[in-house]
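Q: Dropping in coords.tsv, with TSV, C-alpha atoms.
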chain	number	residue	atom	x	y	z
P	1	MET	CA	-31.98	-68.59	43.67
P	2	GLU	CA	-34.65	-66.78	45.68
P	3	ALA	CA	-34.91	-65.19	49.10
P	4	TYR	CA	-37.10	-66.86	51.75
P	5	ALA	CA	-38.14	-65.35	55.05
P	6	TYR	CA	-38.51	-67.80	57.90
P	7	VAL	CA	-39.79	-67.88	61.46
P	8	ALA	CA	-38.45	-70.69	63.67
P	9	GLN	CA	-37.91	-71.62	67.29
P	10	THR	CA	-34.80	-72.87	69.02
P	11	ILE	CA	-34.71	-75.86	71.37
P	12	GLU	CA	-35.04	-73.42	74.28
P	13	GLY	CA	-38.27	-72.06	72.77
P	14	GLN	CA	-36.85	-68.69	71.61
P	15	GLU	CA	-38.26	-67.28	68.40
P	16	LYS	CA	-35.79	-66.69	65.56
P	17	LYS	CA	-36.47	-64.78	62.34
P	18	GLY	CA	-34.30	-64.37	59.31
P	19	GLN	CA	-33.85	-64.62	55.57
P	20	ILE	CA	-32.15	-67.35	53.54
P	21	TRP	CA	-31.27	-67.51	49.87
P	22	ALA	CA	-32.09	-70.93	48.45
P	23	SER	CA	-33.43	-72.72	45.37
P	24	SER	CA	-36.65	-73.97	47.00
P	25	VAL	CA	-38.67	-74.12	50.22
P	26	ASP	CA	-37.45	-77.67	50.82
P	27	GLU	CA	-33.84	-76.53	50.78
P	28	VAL	CA	-34.65	-73.84	53.35
P	29	ALA	CA	-36.37	-76.43	55.56
P	30	ILE	CA	-33.38	-78.79	55.36
P	31	ARG	CA	-30.95	-76.04	56.31
P	32	LEU	CA	-33.09	-74.92	59.25
P	33	ARG	CA	-33.45	-78.48	60.55
P	34	HIS	CA	-29.69	-78.89	60.21
P	35	GLU	CA	-29.36	-75.94	62.58
P	36	LYS	CA	-31.76	-77.74	65.00
P	37	LEU	CA	-34.54	-75.18	64.57
P	38	TYR	CA	-38.27	-75.91	64.67
P	39	ILE	CA	-39.93	-74.35	61.64
P	40	VAL	CA	-42.94	-72.11	62.20
P	41	SER	CA	-43.28	-70.62	58.69
P	42	ILE	CA	-41.35	-70.16	55.45
P	43	THR	CA	-42.48	-67.60	52.87
P	44	ALA	CA	-40.93	-66.51	49.62
P	45	VAL	CA	-39.87	-62.87	49.61
P	46	LYS	CA	-41.48	-60.89	46.81
P	47	LYS	CA	-39.08	-60.37	43.94
P	48	HIS	CA	-37.99	-56.85	43.24
P	49	ARG	CA	-36.30	-55.43	40.20
P	50	PRO	CA	-32.54	-55.31	40.84
P	51	LYS	CA	-31.52	-51.89	42.06
P	52	LYS	CA	-29.17	-49.83	39.97
P	53	TRP	CA	-25.74	-49.79	41.54
P	54	LYS	CA	-24.42	-46.37	42.46
P	55	HIS	CA	-20.86	-45.45	41.62
P	56	LYS	CA	-19.76	-45.39	45.24
P	57	ASP	CA	-21.20	-48.89	45.80
P	58	ILE	CA	-19.40	-50.26	42.74
P	59	ILE	CA	-16.14	-48.67	43.91
P	60	GLU	CA	-16.53	-50.01	47.45
P	61	PHE	CA	-17.42	-53.54	46.33
P	62	SER	CA	-14.71	-53.70	43.63
P	63	TYR	CA	-12.02	-52.40	45.99
P	64	GLN	CA	-12.85	-54.93	48.69
P	65	MET	CA	-13.13	-57.87	46.28
P	66	GLY	CA	-9.95	-56.96	44.40
P	67	LEU	CA	-7.98	-56.61	47.62
P	68	LEU	CA	-9.19	-59.92	49.04
P	69	ILE	CA	-8.71	-61.86	45.80
P	70	GLU	CA	-5.20	-60.46	45.28
P	71	SER	CA	-4.31	-61.59	48.81
P	72	GLY	CA	-4.90	-65.21	47.76
P	73	ILE	CA	-8.09	-65.99	49.70
P	74	PRO	CA	-10.44	-68.43	47.88
P	75	LEU	CA	-13.56	-66.86	46.39
P	76	ARG	CA	-16.00	-68.91	48.47
P	77	ARG	CA	-14.22	-67.94	51.68
P	78	ILE	CA	-14.27	-64.29	50.60
P	79	MET	CA	-18.01	-64.40	50.03
P	80	GLU	CA	-18.55	-66.02	53.44
P	81	LEU	CA	-16.65	-63.14	55.03
P	82	VAL	CA	-18.38	-60.30	53.18
P	83	SER	CA	-21.86	-61.87	53.47
P	84	LYS	CA	-21.78	-61.16	57.21
P	85	ARG	CA	-21.97	-57.44	56.47
P	86	GLN	CA	-25.38	-55.83	56.44
P	87	SER	CA	-25.64	-53.38	53.56
P	88	PRO	CA	-28.93	-51.97	52.23
P	89	ARG	CA	-27.33	-51.29	48.83
P	90	ILE	CA	-25.00	-54.22	48.11
P	91	PRO	CA	-26.67	-57.69	48.16
P	92	TYR	CA	-23.79	-59.60	49.77
P	93	GLN	CA	-26.02	-62.48	50.96
P	94	SER	CA	-27.49	-63.08	47.50
P	95	ILE	CA	-24.07	-63.08	45.83
P	96	CYS	CA	-22.67	-65.43	48.47
P	97	ALA	CA	-25.58	-67.86	48.07
P	98	ASP	CA	-25.12	-68.00	44.29
P	99	VAL	CA	-21.37	-68.61	44.59
P	100	GLN	CA	-21.95	-71.37	47.17
P	101	GLN	CA	-24.35	-72.98	44.69
P	102	GLY	CA	-21.57	-73.14	42.09
P	103	LYS	CA	-22.40	-70.11	39.97
P	104	SER	CA	-19.64	-67.88	38.73
P	105	LEU	CA	-19.25	-64.45	40.27
P	106	SER	CA	-20.17	-62.74	36.98
P	107	GLN	CA	-23.41	-64.75	36.77
P	108	SER	CA	-24.35	-63.84	40.33
P	109	LEU	CA	-23.62	-60.14	39.82
P	110	THR	CA	-25.63	-60.16	36.57
P	111	ASN	CA	-28.68	-61.28	38.56
P	112	CYS	CA	-28.05	-58.46	41.06
P	113	GLY	CA	-28.02	-55.70	38.44
P	114	PHE	CA	-24.26	-55.07	38.31
P	115	PRO	CA	-23.30	-52.84	35.32
P	116	GLN	CA	-22.68	-54.66	32.05
P	117	ILE	CA	-19.25	-53.10	31.64
P	118	GLY	CA	-18.19	-54.58	34.96
P	119	ILE	CA	-19.73	-57.95	34.06
P	120	ALA	CA	-17.73	-58.07	30.83
P	121	LEU	CA	-14.48	-57.29	32.65
P	122	LEU	CA	-15.22	-59.95	35.26
P	123	ARG	CA	-15.94	-62.59	32.63
P	124	ALA	CA	-12.64	-61.81	30.95
P	125	GLY	CA	-10.92	-62.01	34.35
P	126	GLU	CA	-12.54	-65.36	35.15
P	127	VAL	CA	-11.34	-66.84	31.85
P	128	ALA	CA	-7.81	-65.45	32.19
P	129	GLY	CA	-7.52	-66.08	35.94
P	130	THR	CA	-7.03	-62.37	36.67
P	131	LEU	CA	-10.21	-61.65	38.60
P	132	GLY	CA	-8.42	-59.38	41.06
P	133	VAL	CA	-7.02	-57.26	38.23
P	134	SER	CA	-10.51	-57.02	36.71
P	135	PHE	CA	-11.91	-55.65	39.97
P	136	GLN	CA	-9.12	-53.08	40.10
P	137	LEU	CA	-9.94	-51.99	36.53
P	138	ILE	CA	-13.62	-51.65	37.44
P	139	LYS	CA	-12.74	-49.57	40.50
P	140	SER	CA	-10.43	-47.32	38.50
P	141	TYR	CA	-13.03	-46.75	35.77
P	142	TYR	CA	-15.89	-45.86	38.11
P	143	GLU	CA	-13.65	-43.66	40.25
P	144	LYS	CA	-12.96	-41.58	37.14
P	145	GLU	CA	-16.66	-41.54	36.28
P	146	GLN	CA	-17.51	-40.37	39.80
P	147	GLN	CA	-14.89	-37.62	39.66
P	148	HIS	CA	-16.24	-36.52	36.29
P	149	HIS	CA	-19.80	-36.28	37.63
P	150	GLN	CA	-18.61	-34.41	40.72
P	151	LYS	CA	-16.82	-31.84	38.55
P	152	ILE	CA	-19.98	-31.23	36.55
P	153	MET	CA	-22.14	-30.93	39.67
P	154	SER	CA	-19.72	-28.53	41.33
P	155	ALA	CA	-19.71	-26.42	38.15
P	156	ILE	CA	-23.50	-26.07	37.96
P	157	SER	CA	-24.42	-26.05	41.67
P	158	TYR	CA	-23.56	-22.38	42.29
P	159	PRO	CA	-25.26	-21.10	39.09
P	160	ILE	CA	-28.37	-23.10	40.03
P	161	PHE	CA	-28.31	-21.51	43.48
P	162	LEU	CA	-28.06	-18.03	41.95
P	163	LEU	CA	-30.90	-18.74	39.52
P	164	SER	CA	-33.08	-20.00	42.37
P	165	LEU	CA	-32.25	-16.88	44.37
P	166	MET	CA	-33.19	-14.68	41.41
P	167	VAL	CA	-36.55	-16.42	41.00
P	168	VAL	CA	-37.32	-16.11	44.71
P	169	PHE	CA	-36.36	-12.44	44.73
P	170	PHE	CA	-38.53	-11.77	41.66
P	171	PHE	CA	-41.64	-13.32	43.18
P	172	VAL	CA	-41.10	-11.62	46.55
P	173	ALA	CA	-40.71	-8.26	44.84
P	174	VAL	CA	-43.74	-8.72	42.57
P	175	LEU	CA	-46.08	-10.19	45.19
P	176	PHE	CA	-45.14	-8.22	48.32
P	177	ILE	CA	-42.95	-5.18	47.65
P	178	LEU	CA	-44.56	-3.71	44.53
P	179	PRO	CA	-48.16	-3.79	45.83
P	180	SER	CA	-47.13	-1.65	48.81
P	181	PHE	CA	-45.57	0.99	46.58
P	182	LYS	CA	-48.54	0.84	44.22
P	183	LYS	CA	-50.90	1.90	47.01
P	184	VAL	CA	-48.62	4.83	47.82
P	185	PHE	CA	-48.49	5.98	44.20
P	186	ILE	CA	-52.27	5.69	43.83
P	187	THR	CA	-52.84	7.96	46.81
P	188	MET	CA	-50.28	10.45	45.48
P	189	LYS	CA	-52.01	10.44	42.03
P	190	ILE	CA	-48.81	10.79	40.02
P	191	GLU	CA	-48.10	9.68	36.49
P	192	LEU	CA	-45.95	6.55	36.48
P	193	PRO	CA	-43.18	5.73	33.98
P	194	LEU	CA	-43.72	2.92	31.47
P	195	MET	CA	-41.38	0.47	33.25
P	196	THR	CA	-43.18	1.01	36.55
P	197	ARG	CA	-46.58	0.44	34.94
P	198	ILE	CA	-45.32	-2.79	33.34
P	199	LEU	CA	-44.05	-4.11	36.67
P	200	PHE	CA	-47.30	-3.24	38.44
P	201	SER	CA	-49.35	-4.88	35.68
P	202	LEU	CA	-47.18	-7.99	35.90
P	203	GLY	CA	-47.66	-8.08	39.66
P	204	ASP	CA	-51.44	-7.74	39.28
P	205	LEU	CA	-51.49	-10.52	36.69
P	206	ILE	CA	-49.57	-12.95	38.91
P	207	THR	CA	-51.55	-12.00	42.03
P	208	ASN	CA	-55.02	-12.16	40.46
P	209	HIS	CA	-54.40	-15.17	38.21
P	210	SER	CA	-51.82	-17.13	40.17
P	211	TYR	CA	-53.36	-20.54	39.47
P	212	ALA	CA	-53.63	-19.79	35.76
P	213	CYS	CA	-49.99	-18.69	35.64
P	214	VAL	CA	-48.86	-21.86	37.41
P	215	ALA	CA	-50.99	-23.98	35.08
P	216	ILE	CA	-49.54	-22.27	32.00
P	217	CYS	CA	-45.98	-22.86	33.24
P	218	ILE	CA	-46.73	-26.53	33.93
P	219	VAL	CA	-48.32	-26.97	30.50
P	220	LEU	CA	-45.35	-25.33	28.78
P	221	VAL	CA	-42.83	-27.49	30.64
P	222	ALA	CA	-44.88	-30.66	30.06
P	223	THR	CA	-45.21	-29.82	26.35
P	224	MET	CA	-41.46	-29.38	26.00
P	225	VAL	CA	-40.70	-32.61	27.88
P	226	ILE	CA	-43.30	-34.70	26.01
P	227	GLY	CA	-42.28	-33.17	22.70
P	228	TYR	CA	-38.61	-33.99	23.33
P	229	ARG	CA	-39.48	-37.59	24.20
P	230	LEU	CA	-41.24	-38.14	20.88
P	231	PRO	CA	-38.94	-40.47	18.88
P	232	THR	CA	-38.94	-38.36	15.73
P	233	VAL	CA	-38.28	-35.07	17.57
P	234	LYS	CA	-35.60	-36.59	19.81
P	235	HIS	CA	-33.90	-38.27	16.86
P	236	ARG	CA	-33.88	-35.02	14.88
P	237	ILE	CA	-32.38	-33.04	17.77
P	238	HIS	CA	-29.73	-35.67	18.47
P	239	LYS	CA	-28.83	-35.90	14.79
P	240	ARG	CA	-28.37	-32.14	14.68
P	241	LEU	CA	-26.17	-32.20	17.79
P	242	TRP	CA	-24.16	-35.07	16.34
P	243	SER	CA	-23.38	-33.08	13.21
P	244	GLN	CA	-22.44	-30.03	15.30
P	245	SER	CA	-20.01	-32.10	17.40
P	246	LYS	CA	-17.60	-31.97	14.43
P	247	GLN	CA	-17.35	-28.19	14.95
P	248	TRP	CA	-17.86	-27.85	18.71
P	249	LEU	CA	-14.99	-29.46	20.57
P	250	TRP	CA	-16.79	-29.37	23.92
P	251	LEU	CA	-19.59	-31.51	22.47
P	252	SER	CA	-17.06	-34.01	21.12
P	253	CYS	CA	-15.54	-34.18	24.60
P	254	MET	CA	-18.90	-35.06	26.12
P	255	TYR	CA	-19.63	-37.76	23.54
P	256	TYR	CA	-16.24	-39.47	23.26
P	257	THR	CA	-14.45	-39.19	26.61
P	258	GLY	CA	-16.26	-42.05	28.33
P	259	ILE	CA	-16.66	-44.25	25.23
P	260	LEU	CA	-12.97	-44.16	24.33
P	261	ARG	CA	-12.00	-44.95	27.92
P	262	VAL	CA	-14.31	-47.97	28.04
P	263	TRP	CA	-13.11	-49.26	24.66
P	264	ALA	CA	-9.52	-49.10	25.88
P	265	LEU	CA	-10.46	-50.76	29.18
P	266	LEU	CA	-12.33	-53.65	27.56
P	267	LEU	CA	-9.64	-54.28	24.94
P	268	GLU	CA	-6.95	-54.19	27.62
P	269	SER	CA	-8.79	-56.86	29.60
P	270	GLY	CA	-8.75	-59.23	26.62
P	271	ILE	CA	-12.25	-58.66	25.22
P	272	SER	CA	-12.42	-58.52	21.43
P	273	LEU	CA	-13.55	-55.39	19.62
P	274	LEU	CA	-16.67	-57.11	18.26
P	275	GLU	CA	-17.67	-58.04	21.83
P	276	ALA	CA	-16.81	-54.63	23.28
P	277	LEU	CA	-18.86	-52.53	20.85
P	278	PRO	CA	-22.32	-53.96	21.77
P	279	LEU	CA	-21.49	-53.62	25.47
P	280	THR	CA	-20.83	-49.89	25.11
P	281	GLU	CA	-23.95	-49.07	23.08
P	282	PRO	CA	-26.02	-48.05	26.17
P	283	LEU	CA	-23.25	-45.58	27.15
P	284	TRP	CA	-23.76	-43.35	24.12
P	285	GLN	CA	-25.42	-40.11	25.22
P	286	ASN	CA	-26.66	-39.41	21.70
P	287	LEU	CA	-29.42	-41.53	20.15
P	288	TYR	CA	-28.20	-40.94	16.59
P	289	GLY	CA	-24.65	-41.71	17.68
P	290	ARG	CA	-25.84	-45.01	19.15
P	291	GLU	CA	-27.36	-45.93	15.80
P	292	ARG	CA	-24.12	-45.04	14.03
P	293	ALA	CA	-22.13	-47.12	16.54
P	294	GLN	CA	-24.29	-50.17	15.77
P	295	GLN	CA	-23.16	-49.94	12.16
P	296	ILE	CA	-19.51	-50.23	13.23
P	297	SER	CA	-19.97	-53.86	14.26
P	298	ILE	CA	-21.55	-54.65	10.89
P	299	ALA	CA	-18.65	-53.00	9.05
P	300	LEU	CA	-16.09	-54.93	11.13
P	301	ARG	CA	-17.79	-58.23	10.36
P	302	GLN	CA	-17.55	-57.37	6.67
P	303	GLY	CA	-13.77	-57.20	7.02
P	304	GLN	CA	-13.16	-53.47	7.32
P	305	THR	CA	-10.55	-52.07	9.68
P	306	PHE	CA	-11.62	-50.23	12.81
P	307	HIS	CA	-10.60	-46.74	11.68
P	308	THR	CA	-12.26	-47.26	8.28
P	309	SER	CA	-15.44	-48.44	10.01
P	310	LEU	CA	-15.43	-45.33	12.21
P	311	GLN	CA	-15.05	-43.06	9.18
P	312	ASP	CA	-17.73	-44.79	7.12
P	313	CYS	CA	-20.19	-44.79	10.05
P	314	ASP	CA	-19.50	-41.10	10.88
P	315	VAL	CA	-18.30	-41.90	14.40
P	316	GLY	CA	-15.44	-39.77	15.68
P	317	ASN	CA	-13.43	-37.06	13.95
P	318	GLU	CA	-10.13	-36.62	12.15
P	319	PHE	CA	-8.13	-36.76	15.39
P	320	ILE	CA	-9.73	-40.03	16.56
P	321	TRP	CA	-9.50	-41.61	13.10
P	322	ASP	CA	-5.79	-40.79	12.80
P	323	MET	CA	-5.01	-42.10	16.29
P	324	VAL	CA	-6.94	-45.33	15.71
P	325	SER	CA	-5.21	-45.82	12.35
P	326	ILE	CA	-1.80	-45.39	13.98
P	327	GLY	CA	-2.81	-47.77	16.76
P	328	GLU	CA	-3.86	-50.47	14.30
P	329	GLU	CA	-0.66	-50.11	12.27
P	330	SER	CA	1.61	-50.24	15.34
P	331	GLY	CA	-0.40	-52.77	17.36
P	332	GLU	CA	-0.94	-50.16	20.11
P	333	LEU	CA	-4.67	-49.60	19.68
P	334	VAL	CA	-5.34	-49.69	23.43
P	335	SER	CA	-2.67	-47.07	24.04
P	336	MET	CA	-3.99	-44.80	21.27
P	337	LEU	CA	-7.57	-45.04	22.57
P	338	SER	CA	-6.33	-44.21	26.08
P	339	HIS	CA	-4.44	-41.18	24.76
P	340	CYS	CA	-7.58	-39.95	22.98
P	341	SER	CA	-9.62	-40.42	26.14
P	342	HIS	CA	-7.09	-38.53	28.28
P	343	TYR	CA	-6.98	-35.69	25.75
P	344	TYR	CA	-10.77	-35.26	25.68
P	345	GLU	CA	-10.97	-35.66	29.45
P	346	ALA	CA	-8.44	-32.83	29.93
P	347	MET	CA	-10.25	-30.63	27.42
P	348	LEU	CA	-13.62	-31.30	29.06
P	349	ALA	CA	-12.20	-30.38	32.47
P	350	ARG	CA	-10.91	-27.11	30.97
P	351	TYR	CA	-14.31	-26.32	29.44
P	352	ILE	CA	-16.07	-27.02	32.73
P	353	SER	CA	-13.63	-24.76	34.57
P	354	ASN	CA	-14.13	-21.95	32.04
P	355	LEU	CA	-17.90	-22.34	32.20
P	356	GLU	CA	-17.82	-22.14	35.98
P	357	ARG	CA	-15.76	-18.94	35.85
P	358	LEU	CA	-18.02	-17.33	33.25
P	359	LEU	CA	-21.43	-18.24	34.68
P	360	GLU	CA	-20.87	-16.59	38.04
P	361	PRO	CA	-20.20	-13.02	36.80
P	362	ILE	CA	-22.89	-13.34	34.11
P	363	LEU	CA	-25.57	-14.40	36.60
P	364	LEU	CA	-24.46	-11.78	39.13
P	365	SER	CA	-24.68	-9.13	36.41
P	366	VAL	CA	-28.17	-10.26	35.44
P	367	MET	CA	-29.21	-10.20	39.09
P	368	GLY	CA	-27.74	-6.71	39.49
P	369	ILE	CA	-29.56	-5.46	36.39
P	370	GLY	CA	-32.84	-6.88	37.67
P	371	VAL	CA	-32.40	-5.24	41.07
P	372	GLY	CA	-31.45	-1.97	39.37
P	373	ILE	CA	-34.57	-2.00	37.18
P	374	LEU	CA	-36.74	-2.65	40.22
P	375	VAL	CA	-35.14	0.12	42.27
P	376	VAL	CA	-35.28	2.66	39.43
P	377	SER	CA	-38.88	1.76	38.57
P	378	VAL	CA	-39.98	2.33	42.15
P	379	MET	CA	-37.73	5.16	43.29
P	380	TYR	CA	-37.83	7.35	40.18
P	381	PRO	CA	-41.56	8.25	40.43
P	382	MET	CA	-41.15	8.73	44.18
P	383	PHE	CA	-38.30	11.20	43.73
P	384	THR	CA	-40.28	12.93	40.96
P	385	SER	CA	-43.29	13.37	43.20
P	386	ILE	CA	-41.19	14.66	46.10
P	387	SER	CA	-39.46	17.24	43.87
P	388	ALA	CA	-42.89	18.32	42.52
P	389	ILE	CA	-44.25	18.77	46.05
P	390	SER	CA	-41.17	20.79	47.13
P	391	LYS	CA	-41.74	23.21	44.26
Take the structure in the file and give it back as structure tokens.
A:
Amino acid sequence: MEAYAYVAQTIEGQEKKGQIWASSVDEVAIRLRHEKLYIVSITAVKKHRPKKWKHKDIIEFSYQMGLLIESGIPLRRIMELVSKRQSPRIPYQSICADVQQGKSLSQSLTNCGFPQIGIALLRAGEVAGTLGVSFQLIKSYYEKEQQHHQKIMSAISYPIFLLSLMVVFFFVAVLFILPSFKKVFITMKIELPLMTRILFSLGDLITNHSYACVAICIVLVATMVIGYRLPTVKHRIHKRLWSQSKQWLWLSCMYYTGILRVWALLLESGISLLEALPLTEPLWQNLYGRERAQQISIALRQGQTFHTSLQDCDVGNEFIWDMVSIGEESGELVSMLSHCSHYYEAMLARYISNLERLLEPILLSVMGIGVGILVVSVMYPMFTSISAISK
């Protein structure tokens, strides 16, 4: 299924332009003639890589589709209704064309770049006849993900603003304020304290070699970024962080909150554990953890239980292993995974709140100390010179 742009004329001679999704140029021509249009040109639209769906788009689409499907409207009729909407982010027309051609909704959304987690839930819903429920599960999951991201952004936005303000103040002081005082002190011919001389020397260095300073900063940042992206360096760092997650609870919260929630969601929708594990591999935020998670599937195929596989592959901790073991024994694995996810989600929210409360006074204190050093470095020699003159 491809997009074709056409130019045609009506019987009255009016020009009409548009875009049609079809399998070939001949199909486009047949459909235009059926509408009694005279074809001027038909050109295939250049294929683009499917855009990554944003969380708000997934939530909007899943909410609408779940609501319409639950109301009993046939899928083809639903797609005819939503395809009339013009959205730059959600390809309603492409999805509708695929469904009209007989493709399943999961196949069509796969071609449009819909997230793999959502595709898996939709496939399970198509098999079980619970497509509306699947859309509600997708909406619920990505609403939680969006709330999680918003909490993190709100926690770091104010500290970032303060850091930016500190950097701006530093450069304004060094480039504009200090040179003015330096001229005054030179004319007064007074001996300057060490801190004042350091600040003046730093200002001269930045002013006289500004391009070199910028180049050095860029090189340092580029070296750190390129060095981190090297497979061996990145793997070593991630392996170190993975081992520290056993001791740092906040790091465990970051690694396991989303994964546990998705495992529970996929198992609840009827997807087997062996199918769910490969789907969640891209969600691991740690490269070493992703490698360990791949070994879980191998251990399960060899006949091991889930909690034993987690222990042997060094995925999780004592709390997760105990909860999974209880879930397997009682047949409530989905419930136990959900409880683990809720626990880590609550702990992560607490850590974010504490970090937000701590960063503000720390950054304000650093800013106050910087302003104090600047004021003392400039005003102390001035007061010294004034007292010397008065004597």
Q: Env of region 236-246 of chain P: 8 Å cut, atoms = all atoms listed in the file, seq-sep filter 5 positions within chain, self excluded. Answer as a list in words.
A: Leu251, Ser252, Asn286, Leu287, Tyr288, Gly289 and Asn317 of chain P
Q: Mind writing the picked residues with C-alpha atoms as a short mmCIF file (atom, residue, chain, number, x, y, z; two decimals), in the frame of the given file?
A:
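Below you can see selection.cif, which holds the result:
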data_model
loop_
_atom_site.label_atom_id
_atom_site.label_comp_id
_atom_site.auth_asym_id
_atom_site.auth_seq_id
_atom_site.Cartn_x
_atom_site.Cartn_y
_atom_site.Cartn_z
CA LEU P 251 -19.59 -31.51 22.47
CA SER P 252 -17.06 -34.01 21.12
CA ASN P 286 -26.66 -39.41 21.70
CA LEU P 287 -29.42 -41.53 20.15
CA TYR P 288 -28.20 -40.94 16.59
CA GLY P 289 -24.65 -41.71 17.68
CA ASN P 317 -13.43 -37.06 13.95
#
Q: What is the distance, in Å and to one decimal place, between CA of Arg292 (chain P) and CA of Val324 (chain P)?
A: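 Separation of CA of Arg292 (chain P) and CA of Val324 (chain P): 17.3 Å.
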Q: Just give me the gap between CA of Ile160 (chain P) and CA of Tyr211 (chain P) in Å, one decimal is fine.
A: 25.1 Å
Q: Determine the nearest neighbour of Val366 (chain P) from the options P:Ile352, P:Ile296, P:Val167, P:Cys96, counting only C-alpha atoms.
A: P:Val167
Q: May I ask which of the residues P:Ala276, P:Ile156, P:Val334, P:Met382 is the closest one to Ile190 (chain P), counting all atoms listed in the file?
A: P:Met382
Q: Interatomic distance between CA of Ser134 (chain P) and CA of Leu122 (chain P)?
A: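 Computing the Euclidean distance for CA of Ser134 (chain P) and CA of Leu122 (chain P) yields 5.7 Å.
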Q: If you count only C-alpha atoms, which residues fall within 10 Å of region 142-151 of chain P, apart from same-chain ones fewer than 6 positions away, as JSON, numbers by chain?
A: {"P": [54, 55, 56, 57, 58, 59, 62, 118, 258, 261, 345, 348, 349, 352, 353]}
Q: Smallest atom-to-atom distance to Val25 (chain P): which of P:Thr10, P:Ser41, P:Ser341, P:Gln107, using only C-alpha atoms?
A: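 The closest residue to Val25 (chain P) is P:Ser41.
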Q: Step by step: start from the point (-9.6, -32.3, 27.1) in the file's coordinates, keep every protein, DNA or RNA residue that has an atom no farther than 10 Å from it, count only C-alpha atoms, and write the set as an mmCIF file with C-alpha atoms, in the coordinates of the input.
A:
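Contents of point.cif, as written:
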data_model
loop_
_atom_site.group_PDB
_atom_site.id
_atom_site.type_symbol
_atom_site.label_atom_id
_atom_site.label_comp_id
_atom_site.auth_asym_id
_atom_site.auth_seq_id
_atom_site.Cartn_x
_atom_site.Cartn_y
_atom_site.Cartn_z
ATOM 1 C CA LEU P 249 -14.990 -29.460 20.570
ATOM 2 C CA TRP P 250 -16.790 -29.370 23.920
ATOM 3 C CA SER P 252 -17.060 -34.010 21.120
ATOM 4 C CA CYS P 253 -15.540 -34.180 24.600
ATOM 5 C CA MET P 254 -18.900 -35.060 26.120
ATOM 6 C CA THR P 257 -14.450 -39.190 26.610
ATOM 7 C CA CYS P 340 -7.580 -39.950 22.980
ATOM 8 C CA SER P 341 -9.620 -40.420 26.140
ATOM 9 C CA HIS P 342 -7.090 -38.530 28.280
ATOM 10 C CA TYR P 343 -6.980 -35.690 25.750
ATOM 11 C CA TYR P 344 -10.770 -35.260 25.680
ATOM 12 C CA GLU P 345 -10.970 -35.660 29.450
ATOM 13 C CA ALA P 346 -8.440 -32.830 29.930
ATOM 14 C CA MET P 347 -10.250 -30.630 27.420
ATOM 15 C CA LEU P 348 -13.620 -31.300 29.060
ATOM 16 C CA ALA P 349 -12.200 -30.380 32.470
ATOM 17 C CA ARG P 350 -10.910 -27.110 30.970
ATOM 18 C CA TYR P 351 -14.310 -26.320 29.440
#
Q: From the options P:Ala222, P:Lys234, P:Leu175, P:Glu328, which residue's atoms come nearest to Leu205 (chain P), counting only C-alpha atoms?
A: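 Looking at the shortest contact to Leu205 (chain P), the residue is P:Leu175.
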Q: Looking at only C-alpha atoms, which of P:Leu192, P:Val219, P:Leu267, P:Ala120 is the one that sits closest to Val378 (chain P)?
A: P:Leu192
Q: Scan for residues within 12 Å of the point (-12.5, -53.4, 27.9) in the coordinates of the file, using only C-alpha atoms, and reply as a VMD selection string.
A: chain P and resid 116 to 125 134 137 to 138 141 258 to 280 333 to 334 337 to 338
Q: Need the shell around Gln14 (chain P): protein/DNA/RNA residues with any atom at most 12 Å away, counting only C-alpha atoms. Skip same-chain ones fewer than 6 positions apart. Format as a list in words?
A: Val7, Ala8, Leu37, Tyr38, Ile39 and Val40 of chain P
Q: Which residue is closest to Ala44 (chain P)? Choose from P:Ala22, P:Ala5, P:Val172, P:Ile11 and count all atoms listed in the file.
A: P:Ala5
Q: Quick one: residues within 9 Å of Tyr380 (chain P), only C-alpha atoms counted, chain neighbours fewer than 5 positions away excluded, as an MDAnalysis selection string?
A: chainID P and resid 192:193 375 385
Q: Could you dump the residues just selected with C-alpha atoms as an mmCIF file, keeping the file's coordinate frame?
A:
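Okay, this is what ended up in part_7.cif:
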data_model
loop_
_atom_site.group_PDB
_atom_site.id
_atom_site.type_symbol
_atom_site.label_atom_id
_atom_site.label_comp_id
_atom_site.auth_asym_id
_atom_site.auth_seq_id
_atom_site.Cartn_x
_atom_site.Cartn_y
_atom_site.Cartn_z
ATOM 1 C CA LEU P 192 -45.950 6.550 36.480
ATOM 2 C CA PRO P 193 -43.180 5.730 33.980
ATOM 3 C CA VAL P 375 -35.140 0.120 42.270
ATOM 4 C CA SER P 385 -43.290 13.370 43.200
#
Q: Could you pull the residues within 12 Å of Leu165 (chain P), counting all atoms listed in the file, minus those fewer than 5 positions along the same chain, as a list of chain:residue names?
A: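 Non-adjacent residues within range: P:Tyr158, P:Pro159, P:Ile160, P:Phe170, P:Phe171, P:Val172, P:Leu363, P:Leu364, P:Val366, P:Met367.
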Q: Hey, can you spit out that residue selection with C-alpha atoms as a short mmCIF file (atom, residue, chain, number, x, y, z; two decimals), in the frame of the given file?
A:
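selection_33.cif was written with the following content:
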data_model
loop_
_atom_site.label_atom_id
_atom_site.label_comp_id
_atom_site.auth_asym_id
_atom_site.auth_seq_id
_atom_site.Cartn_x
_atom_site.Cartn_y
_atom_site.Cartn_z
CA TYR P 158 -23.56 -22.38 42.29
CA PRO P 159 -25.26 -21.10 39.09
CA ILE P 160 -28.37 -23.10 40.03
CA PHE P 170 -38.53 -11.77 41.66
CA PHE P 171 -41.64 -13.32 43.18
CA VAL P 172 -41.10 -11.62 46.55
CA LEU P 363 -25.57 -14.40 36.60
CA LEU P 364 -24.46 -11.78 39.13
CA VAL P 366 -28.17 -10.26 35.44
CA MET P 367 -29.21 -10.20 39.09
#
